[in-house]
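K.L.:
mmCIF, C-alpha atoms, saved as final08.cif, coming up:
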```
data_run
#
loop_
_atom_site.label_atom_id
_atom_site.label_comp_id
_atom_site.auth_asym_id
_atom_site.auth_seq_id
_atom_site.Cartn_x
_atom_site.Cartn_y
_atom_site.Cartn_z
CA MET A 521 78.69 77.81 267.58
CA SER A 522 75.62 79.31 269.23
CA LYS A 523 72.45 77.32 269.96
CA ARG A 524 70.55 79.37 267.41
CA LYS A 525 73.01 78.49 264.63
CA LYS A 526 72.93 74.81 265.64
CA ALA A 527 69.15 74.81 265.52
CA LYS A 528 69.22 76.53 262.12
CA ILE A 529 71.64 73.94 260.73
CA SER A 530 69.54 71.10 262.22
CA ARG A 531 66.39 72.43 260.54
CA GLY A 532 68.26 72.79 257.25
CA ILE A 533 69.41 69.17 257.41
CA GLN A 534 65.85 67.98 258.16
CA TYR A 535 64.43 69.95 255.24
CA ALA A 536 67.16 68.60 252.95
CA ILE A 537 66.40 65.00 253.97
CA LEU A 538 62.69 65.56 253.39
CA LEU A 539 63.39 67.06 249.96
CA ILE A 540 65.60 64.12 249.00
CA VAL A 541 62.91 61.62 250.04
CA VAL A 542 60.27 63.48 248.00
CA VAL A 543 62.54 63.60 244.94
CA ILE A 544 63.28 59.87 245.21
CA ILE A 545 59.57 59.03 245.49
CA ILE A 546 58.76 61.21 242.47
CA ALA A 547 61.58 59.66 240.46
CA VAL A 548 60.86 56.03 241.34
CA ALA A 549 57.03 56.03 241.18
CA ASP A 550 55.34 54.61 238.09
CA TRP A 551 53.26 57.71 237.30
CA PRO A 552 51.53 56.46 234.13
CA THR A 553 50.22 53.41 235.99
CA LEU A 554 49.27 55.47 239.04
CA LEU A 555 47.35 57.97 236.93
CA ASP A 556 45.58 55.22 235.01
CA THR A 557 44.66 53.41 238.24
CA PHE A 558 43.75 56.32 240.49
CA GLY A 559 43.43 59.36 238.24
CA ARG A 560 40.95 58.62 235.45
CA VAL A 561 39.16 61.93 234.96
CA ASP A 562 36.39 60.37 232.88
CA ILE A 563 35.47 57.95 235.65
CA ALA A 564 35.55 60.72 238.25
CA VAL A 565 33.30 62.94 236.14
CA ASN A 566 30.77 60.12 235.68
CA MET A 567 30.34 59.95 239.47
CA PHE A 568 28.81 63.42 239.52
CA PRO A 569 26.31 64.65 240.56
CA ASP A 570 25.30 61.46 242.43
CA VAL A 571 28.40 61.52 244.63
CA ILE A 572 27.27 64.91 245.99
CA THR A 573 23.48 64.87 245.75
CA LYS A 574 23.08 61.33 247.07
CA ALA A 575 26.21 59.81 248.64
CA LEU A 576 27.60 62.90 250.37
CA LYS A 577 24.13 63.95 251.47
CA ASN A 578 23.38 60.50 252.92
CA THR A 579 26.70 60.42 254.76
CA VAL A 580 25.96 63.78 256.38
CA VAL A 581 22.40 62.70 257.27
CA PHE A 582 23.53 59.36 258.78
CA THR A 583 26.27 61.07 260.78
CA ALA A 584 24.05 63.89 262.04
CA LEU A 585 21.23 61.58 263.15
CA GLY A 586 23.64 59.14 264.79
CA PHE A 587 25.45 61.97 266.58
CA ILE A 588 22.26 63.58 267.89
CA LEU A 589 20.85 60.29 269.20
CA GLY A 590 24.26 59.32 270.57
CA LEU A 591 24.59 62.66 272.38
CA LEU A 592 21.20 62.24 274.04
CA ILE A 593 22.10 58.71 275.16
CA ALA A 594 25.53 59.91 276.33
CA ILE A 595 24.04 62.64 278.53
CA VAL A 596 21.80 60.07 280.22
CA LEU A 597 24.73 57.67 280.66
CA ALA A 598 26.96 60.42 282.09
CA LEU A 599 24.30 61.39 284.63
CA MET A 600 23.83 57.72 285.54
CA ARG A 601 27.59 57.38 286.07
CA LEU A 602 27.47 60.28 288.51
CA SER A 603 24.29 59.08 290.23
CA SER A 604 24.24 58.19 293.90
CA VAL A 605 22.18 55.10 293.02
CA GLY A 606 24.54 52.16 292.64
CA ILE A 607 22.53 50.22 290.06
CA TYR A 608 22.48 53.23 287.74
CA ARG A 609 26.26 53.55 287.97
CA TRP A 610 26.79 49.87 287.21
CA ILE A 611 24.39 49.88 284.24
CA SER A 612 26.12 52.91 282.78
CA PHE A 613 29.56 51.46 283.45
CA GLY A 614 28.64 48.17 281.80
CA TYR A 615 27.13 49.88 278.74
CA ILE A 616 30.15 52.15 278.27
CA GLU A 617 32.74 49.42 278.64
CA PHE A 618 30.79 47.03 276.42
CA PHE A 619 30.36 49.38 273.46
CA ARG A 620 33.81 50.90 273.82
CA GLY A 621 35.26 47.41 273.60
CA LEU A 622 33.31 46.34 270.51
CA PRO A 623 34.46 47.22 266.98
CA ALA A 624 31.94 49.43 265.22
CA LEU A 625 31.74 46.80 262.47
CA VAL A 626 30.35 44.26 264.93
CA VAL A 627 27.68 46.71 266.08
CA PHE A 628 26.57 47.27 262.48
CA LEU A 629 26.46 43.53 261.80
CA VAL A 630 24.41 42.82 264.91
CA MET A 631 21.98 45.65 264.22
CA GLY A 632 21.62 44.80 260.53
CA PHE A 633 21.63 41.01 260.56
CA GLY A 634 21.51 39.81 264.16
CA LEU A 635 18.29 41.47 265.30
CA PRO A 636 16.13 40.12 262.41
CA VAL A 637 17.38 36.61 263.24
CA ALA A 638 16.84 36.98 266.98
CA PHE A 639 13.45 38.63 266.56
CA PRO A 640 11.74 37.32 263.39
CA GLY A 641 9.51 39.91 261.80
CA PHE A 642 11.27 42.74 263.62
CA ASN A 643 12.52 44.74 260.65
CA LEU A 644 13.60 48.34 261.12
CA PRO A 645 14.10 50.82 258.26
CA GLN A 646 17.73 50.95 257.18
CA LEU A 647 18.04 54.60 258.17
CA VAL A 648 17.00 53.71 261.72
CA ILE A 649 19.45 50.79 261.85
CA ILE A 650 22.35 52.99 260.74
CA MET A 651 21.35 55.80 263.11
CA VAL A 652 21.08 53.48 266.11
CA ALA A 653 24.33 51.65 265.30
CA LEU A 654 26.23 54.94 265.08
CA ALA A 655 24.55 56.19 268.25
CA LEU A 656 25.50 53.07 270.21
CA VAL A 657 29.12 53.36 269.14
CA SER A 658 29.47 57.10 269.75
CA SER A 659 27.44 57.37 272.96
CA ALA A 660 29.86 55.18 274.91
CA TYR A 661 32.75 57.54 274.14
CA MET A 662 30.78 60.76 274.47
CA ALA A 663 29.39 59.68 277.85
CA GLU A 664 32.87 59.63 279.38
CA THR A 665 33.66 63.00 277.81
CA ILE A 666 30.47 64.52 279.21
CA ARG A 667 31.08 62.98 282.64
CA ALA A 668 34.54 64.51 282.74
CA GLY A 669 33.11 67.88 281.68
CA ILE A 670 30.47 67.77 284.41
CA GLN A 671 33.07 66.91 287.04
CA ALA A 672 35.23 69.80 285.84
CA VAL A 673 32.54 72.31 286.83
CA PRO A 674 33.36 73.59 290.33
CA LYS A 675 31.13 72.14 293.05
CA GLY A 676 30.57 75.65 294.31
CA GLN A 677 28.33 76.25 291.30
CA VAL A 678 25.97 73.50 292.45
CA GLU A 679 26.13 74.61 296.07
CA ALA A 680 25.26 78.16 295.06
CA ALA A 681 22.31 76.93 293.01
CA ARG A 682 21.05 74.76 295.84
CA SER A 683 21.34 77.66 298.27
CA LEU A 684 18.97 79.57 295.98
CA GLY A 685 16.40 76.81 296.34
CA MET A 686 17.05 74.90 293.12
CA SER A 687 16.57 71.15 293.10
CA SER A 688 19.52 68.91 292.16
CA SER A 689 18.06 68.10 288.75
CA ARG A 690 17.31 71.73 287.94
CA ALA A 691 20.80 72.79 289.03
CA MET A 692 22.29 70.08 286.83
CA PHE A 693 20.37 71.04 283.67
CA THR A 694 20.41 74.82 284.09
CA ILE A 695 23.77 75.43 285.78
CA VAL A 696 26.16 72.50 285.40
CA LEU A 697 25.44 71.08 281.94
CA PRO A 698 25.58 74.44 280.09
CA GLN A 699 29.01 75.10 281.63
CA ALA A 700 30.17 71.55 280.99
CA MET A 701 29.20 71.80 277.33
CA ARG A 702 31.64 74.68 276.86
CA ILE A 703 34.41 72.41 278.11
CA ILE A 704 33.50 69.36 276.06
CA LEU A 705 32.68 71.04 272.74
CA PRO A 706 36.16 70.44 271.21
CA PRO A 707 36.28 66.69 272.04
CA LEU A 708 32.66 66.30 270.91
CA THR A 709 33.61 67.84 267.58
CA ASN A 710 36.43 65.29 267.29
CA GLU A 711 33.91 62.55 268.04
CA LEU A 712 31.75 63.87 265.21
CA ILE A 713 34.72 63.53 262.84
CA LEU A 714 35.27 59.93 263.93
CA LEU A 715 31.57 59.22 263.54
CA THR A 716 31.66 60.58 259.99
CA LYS A 717 34.28 58.00 259.12
CA ASP A 718 32.45 55.24 261.01
CA SER A 719 29.38 55.93 258.87
CA SER A 720 31.27 54.29 255.99
CA LEU A 721 30.51 50.93 257.64
CA ALA A 722 26.89 51.32 256.58
CA TYR A 723 27.85 49.88 253.19
CA ILE A 724 27.91 46.34 254.65
CA LEU A 725 24.15 46.54 255.17
CA GLY A 726 23.47 47.05 251.47
CA SER A 727 21.27 49.82 250.16
CA SER A 728 19.30 51.07 247.21
CA VAL A 729 20.94 53.45 244.74
CA ASP A 730 19.32 56.45 246.44
CA GLY A 731 20.31 55.21 249.90
CA ARG A 732 24.04 54.78 249.26
CA GLU A 733 26.51 56.74 251.32
CA LEU A 734 30.05 57.56 250.16
CA ALA A 735 31.66 54.18 250.85
CA ALA A 736 28.82 52.24 249.23
CA LEU A 737 28.84 54.43 246.13
CA GLY A 738 32.61 54.20 245.87
CA ARG A 739 32.53 50.40 246.12
CA ALA A 740 29.83 50.16 243.46
CA GLU A 741 31.71 52.48 241.10
CA ILE A 742 34.95 50.54 241.56
CA VAL A 743 33.18 47.31 240.61
CA ASN A 744 31.53 48.93 237.59
CA SER A 745 34.63 50.66 236.29
CA ALA A 746 37.28 48.12 237.36
CA ASN A 747 39.34 51.12 238.43
CA LEU A 748 40.33 52.69 241.76
CA THR A 749 39.68 56.31 240.80
CA PRO A 750 36.39 56.33 242.77
CA PHE A 751 38.47 55.83 245.94
CA ILE A 752 40.13 59.20 245.33
CA VAL A 753 36.81 60.94 244.68
CA ILE A 754 35.31 59.46 247.84
CA ALA A 755 38.38 60.41 249.87
CA VAL A 756 38.08 64.01 248.69
CA CYS A 757 34.39 64.02 249.69
CA TYR A 758 35.25 62.81 253.19
CA LEU A 759 37.87 65.54 253.45
CA ILE A 760 35.24 68.11 252.46
CA ILE A 761 33.37 67.08 255.62
CA THR A 762 36.21 66.42 258.05
CA ILE A 763 38.59 69.32 257.34
CA PRO A 764 36.04 72.04 258.26
CA LEU A 765 35.12 70.02 261.37
CA SER A 766 38.81 69.77 262.32
CA TYR A 767 39.17 73.52 261.90
CA LEU A 768 36.04 74.06 264.00
CA SER A 769 37.47 71.81 266.70
CA ARG A 770 40.68 73.86 266.85
CA VAL A 771 38.70 77.11 267.02
CA LEU A 772 36.56 75.78 269.86
CA GLU A 773 39.62 74.48 271.67
CA ARG A 774 41.29 77.89 271.48
CA LYS A 775 38.11 79.60 272.62
CA TYR A 776 36.98 77.24 275.37
CA GLY A 777 39.87 74.86 275.99
CA SER A 778 41.59 76.94 278.62
CA ALA A 779 38.54 78.80 279.87
CA GLU A 780 37.48 78.20 283.44
CA PRO A 781 33.90 77.00 283.92
CA GLY A 782 31.56 79.87 284.58
CA VAL A 783 33.96 82.45 283.10
CA LYS A 784 33.36 83.89 279.63
#
```
Can you dump the structure from the file as structure tokens?

P.N.:
Amino acid sequence: MSKRKKAKISRGIQYAILLIVVVIIIAVADWPTLLDTFGRVDIAVNMFPDVITKALKNTVVFTALGFILGLLIAIVLALMRLSSVGIYRWISFGYIEFFRGLPALVVFLVMGFGLPVAFPGFNLPQLVIIMVALALVSSAYMAETIRAGIQAVPKGQVEAARSLGMSSSRAMFTIVLPQAMRIILPPLTNELILLTKDSSLAYILGSSVDGRELAALGRAEIVNSANLTPFIVIAVCYLIITIPLSYLSRVLERKYGSAEPGVK
């Protein structure tokens, strides 16, 4: 028997096993209970339009603001990591390791409840707290990605810029960083997806009806309806955000992933 026929038979067996598993799950599952618990159309309909006009919008706003602030912090941290000044490298290293080691939940709790206790009277708007918490979490990861992207740019690019009379800082911001961004766009897009999901932790801070994001709205609707259908609606809303971002990440990876720095 040829290798091609063996591979064909192997694929057929795998598909058959998968089909059998699916049939067993369909046959064994308690569909009436599942539909009543997770598929109540009336409960799902009652969540609209607030789930889109308020919760989905707030999730996108929280994520975007946290990502932008986190990216700015990450660029500074990456440059500090590559600095010739030792204290800058150690500060950046400590920040990155500290926030990469902490669960995002802890960061939200400290920002939302720890700071007001430590500094009485120091009360930030909730939007700022969420934005900063997301930025602190994401910047530690993005800093390492940006540092790797900067180091991937050939040193000859910097040497050529310096030979033209550019200062180190100007060469970094006009020559190196633009090329590095092409390299790190796919992983940054993945970080944006993770940040979108991390934004769900904002519900622990509490919020007004207009300030709820997807997780907070879903939790409130589950309590009100005593049903888990809102979980499905919220999950679909997250997929509406993350699936296009995942597709964008794959497109960017195909376009820039294998491209050499400085070559279009």

K.L.:
With distances taken over all atoms listed in the file, which residue among A:Ile546, A:Val630, A:Leu656, A:Ile607 lies nearest Ile593 of chain A?

P.N.:
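The answer is A:Leu656, which sits nearest to Ile593 of chain A.
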
K.L.:
Do you know which residues the PyMOL selection byres ((chain A and resi 560) around 12) returns on this file, as a list in words?

P.N.:
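Applied to this file, the PyMOL selection byres ((chain A and resi 560) around 12) returns Pro552, Thr553, Leu554, Leu555, Asp556, Thr557, Phe558, Gly559, Val561, Asp562, Ile563, Ala564, Val565, Asn566, Met567, Ile742, Ser745, Ala746, Asn747, Leu748, Thr749, Pro750, Phe751, Ile752 and Val753 of chain A.
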
K.L.:
Quick one, how far is atom CA of Phe613 of chain A from atom CA of Pro706 of chain A?

P.N.:
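Separating atom CA of Phe613 of chain A from atom CA of Pro706 of chain A is a distance of 23.5 Å.
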
K.L.:
May I ask for the distance between atom CA of Ile616 of chain A and atom CA of Glu733 of chain A, given in Å to one decimal place?

P.N.:
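Atom-to-atom, atom CA of Ile616 of chain A and atom CA of Glu733 of chain A are spaced 27.6 Å apart.
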
K.L.:
Can you list what the PyMOL selection byres ((chain A and resi 707) around 10) grabs from this structure, as a list in words?

P.N.:
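Listing what the PyMOL selection byres ((chain A and resi 707) around 10) selects in the shown file: Met662, Thr665, Ile666, Ile703, Ile704, Leu705, Pro706, Leu708, Thr709, Asn710, Glu711, Leu712, Ile713, Ser769, Arg770, Leu772, Glu773 and Gly777 of chain A.
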
K.L.:
Identify, on the basis of all atoms listed in the file, every residue whose closest approach to segment 715-731 of chain A does not exceed 10 Å; exclude the query and any residue fewer than 2 positions from it along the same chain; express the result as a PDB file with C-alpha atoms, in the frame of the given file.

P.N.:
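Everything below was put into part_2.pdb:
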```pdb
ATOM      1  CA  ASP A 570      25.300  61.460 242.430  1.00  0.00           C
ATOM      2  CA  THR A 573      23.480  64.870 245.750  1.00  0.00           C
ATOM      3  CA  LYS A 574      23.080  61.330 247.070  1.00  0.00           C
ATOM      4  CA  ALA A 575      26.210  59.810 248.640  1.00  0.00           C
ATOM      5  CA  LYS A 577      24.130  63.950 251.470  1.00  0.00           C
ATOM      6  CA  ASN A 578      23.380  60.500 252.920  1.00  0.00           C
ATOM      7  CA  THR A 579      26.700  60.420 254.760  1.00  0.00           C
ATOM      8  CA  VAL A 580      25.960  63.780 256.380  1.00  0.00           C
ATOM      9  CA  VAL A 581      22.400  62.700 257.270  1.00  0.00           C
ATOM     10  CA  PHE A 582      23.530  59.360 258.780  1.00  0.00           C
ATOM     11  CA  THR A 583      26.270  61.070 260.780  1.00  0.00           C
ATOM     12  CA  ALA A 584      24.050  63.890 262.040  1.00  0.00           C
ATOM     13  CA  GLY A 586      23.640  59.140 264.790  1.00  0.00           C
ATOM     14  CA  PHE A 587      25.450  61.970 266.580  1.00  0.00           C
ATOM     15  CA  ALA A 624      31.940  49.430 265.220  1.00  0.00           C
ATOM     16  CA  LEU A 625      31.740  46.800 262.470  1.00  0.00           C
ATOM     17  CA  VAL A 626      30.350  44.260 264.930  1.00  0.00           C
ATOM     18  CA  VAL A 627      27.680  46.710 266.080  1.00  0.00           C
ATOM     19  CA  PHE A 628      26.570  47.270 262.480  1.00  0.00           C
ATOM     20  CA  LEU A 629      26.460  43.530 261.800  1.00  0.00           C
ATOM     21  CA  MET A 631      21.980  45.650 264.220  1.00  0.00           C
ATOM     22  CA  GLY A 632      21.620  44.800 260.530  1.00  0.00           C
ATOM     23  CA  PHE A 633      21.630  41.010 260.560  1.00  0.00           C
ATOM     24  CA  GLN A 646      17.730  50.950 257.180  1.00  0.00           C
ATOM     25  CA  LEU A 647      18.040  54.600 258.170  1.00  0.00           C
ATOM     26  CA  ILE A 649      19.450  50.790 261.850  1.00  0.00           C
ATOM     27  CA  ILE A 650      22.350  52.990 260.740  1.00  0.00           C
ATOM     28  CA  MET A 651      21.350  55.800 263.110  1.00  0.00           C
ATOM     29  CA  ALA A 653      24.330  51.650 265.300  1.00  0.00           C
ATOM     30  CA  LEU A 654      26.230  54.940 265.080  1.00  0.00           C
ATOM     31  CA  ALA A 655      24.550  56.190 268.250  1.00  0.00           C
ATOM     32  CA  VAL A 657      29.120  53.360 269.140  1.00  0.00           C
ATOM     33  CA  SER A 658      29.470  57.100 269.750  1.00  0.00           C
ATOM     34  CA  THR A 709      33.610  67.840 267.580  1.00  0.00           C
ATOM     35  CA  ASN A 710      36.430  65.290 267.290  1.00  0.00           C
ATOM     36  CA  GLU A 711      33.910  62.550 268.040  1.00  0.00           C
ATOM     37  CA  LEU A 712      31.750  63.870 265.210  1.00  0.00           C
ATOM     38  CA  ILE A 713      34.720  63.530 262.840  1.00  0.00           C
ATOM     39  CA  GLU A 733      26.510  56.740 251.320  1.00  0.00           C
ATOM     40  CA  LEU A 734      30.050  57.560 250.160  1.00  0.00           C
ATOM     41  CA  ALA A 735      31.660  54.180 250.850  1.00  0.00           C
ATOM     42  CA  ALA A 736      28.820  52.240 249.230  1.00  0.00           C
ATOM     43  CA  LEU A 737      28.840  54.430 246.130  1.00  0.00           C
ATOM     44  CA  GLY A 738      32.610  54.200 245.870  1.00  0.00           C
ATOM     45  CA  ARG A 739      32.530  50.400 246.120  1.00  0.00           C
ATOM     46  CA  ALA A 740      29.830  50.160 243.460  1.00  0.00           C
ATOM     47  CA  TYR A 758      35.250  62.810 253.190  1.00  0.00           C
ATOM     48  CA  ILE A 761      33.370  67.080 255.620  1.00  0.00           C
ATOM     49  CA  THR A 762      36.210  66.420 258.050  1.00  0.00           C
TER      50      THR A 762
END
```

K.L.:
For Gly669 of chain A, find every residue with an atom within 10 Å (counting all atoms listed in the file), except residues of its own chain fewer than 3 positions away, and show them as a compact mmCIF listing (two decimals) with C-alpha atoms, in the coordinates of the input.

P.N.:
```txt
# COMPACT_ATOMS: atom_id res chain seq x y z
CA ALA A 598 26.96 60.42 282.09
CA ALA A 663 29.39 59.68 277.85
CA GLU A 664 32.87 59.63 279.38
CA THR A 665 33.66 63.00 277.81
CA ILE A 666 30.47 64.52 279.21
CA ALA A 672 35.23 69.80 285.84
CA VAL A 673 32.54 72.31 286.83
CA VAL A 696 26.16 72.50 285.40
CA LEU A 697 25.44 71.08 281.94
CA GLN A 699 29.01 75.10 281.63
CA ALA A 700 30.17 71.55 280.99
CA MET A 701 29.20 71.80 277.33
CA ARG A 702 31.64 74.68 276.86
CA ILE A 703 34.41 72.41 278.11
CA ILE A 704 33.50 69.36 276.06
CA LEU A 705 32.68 71.04 272.74
CA PRO A 781 33.90 77.00 283.92
```
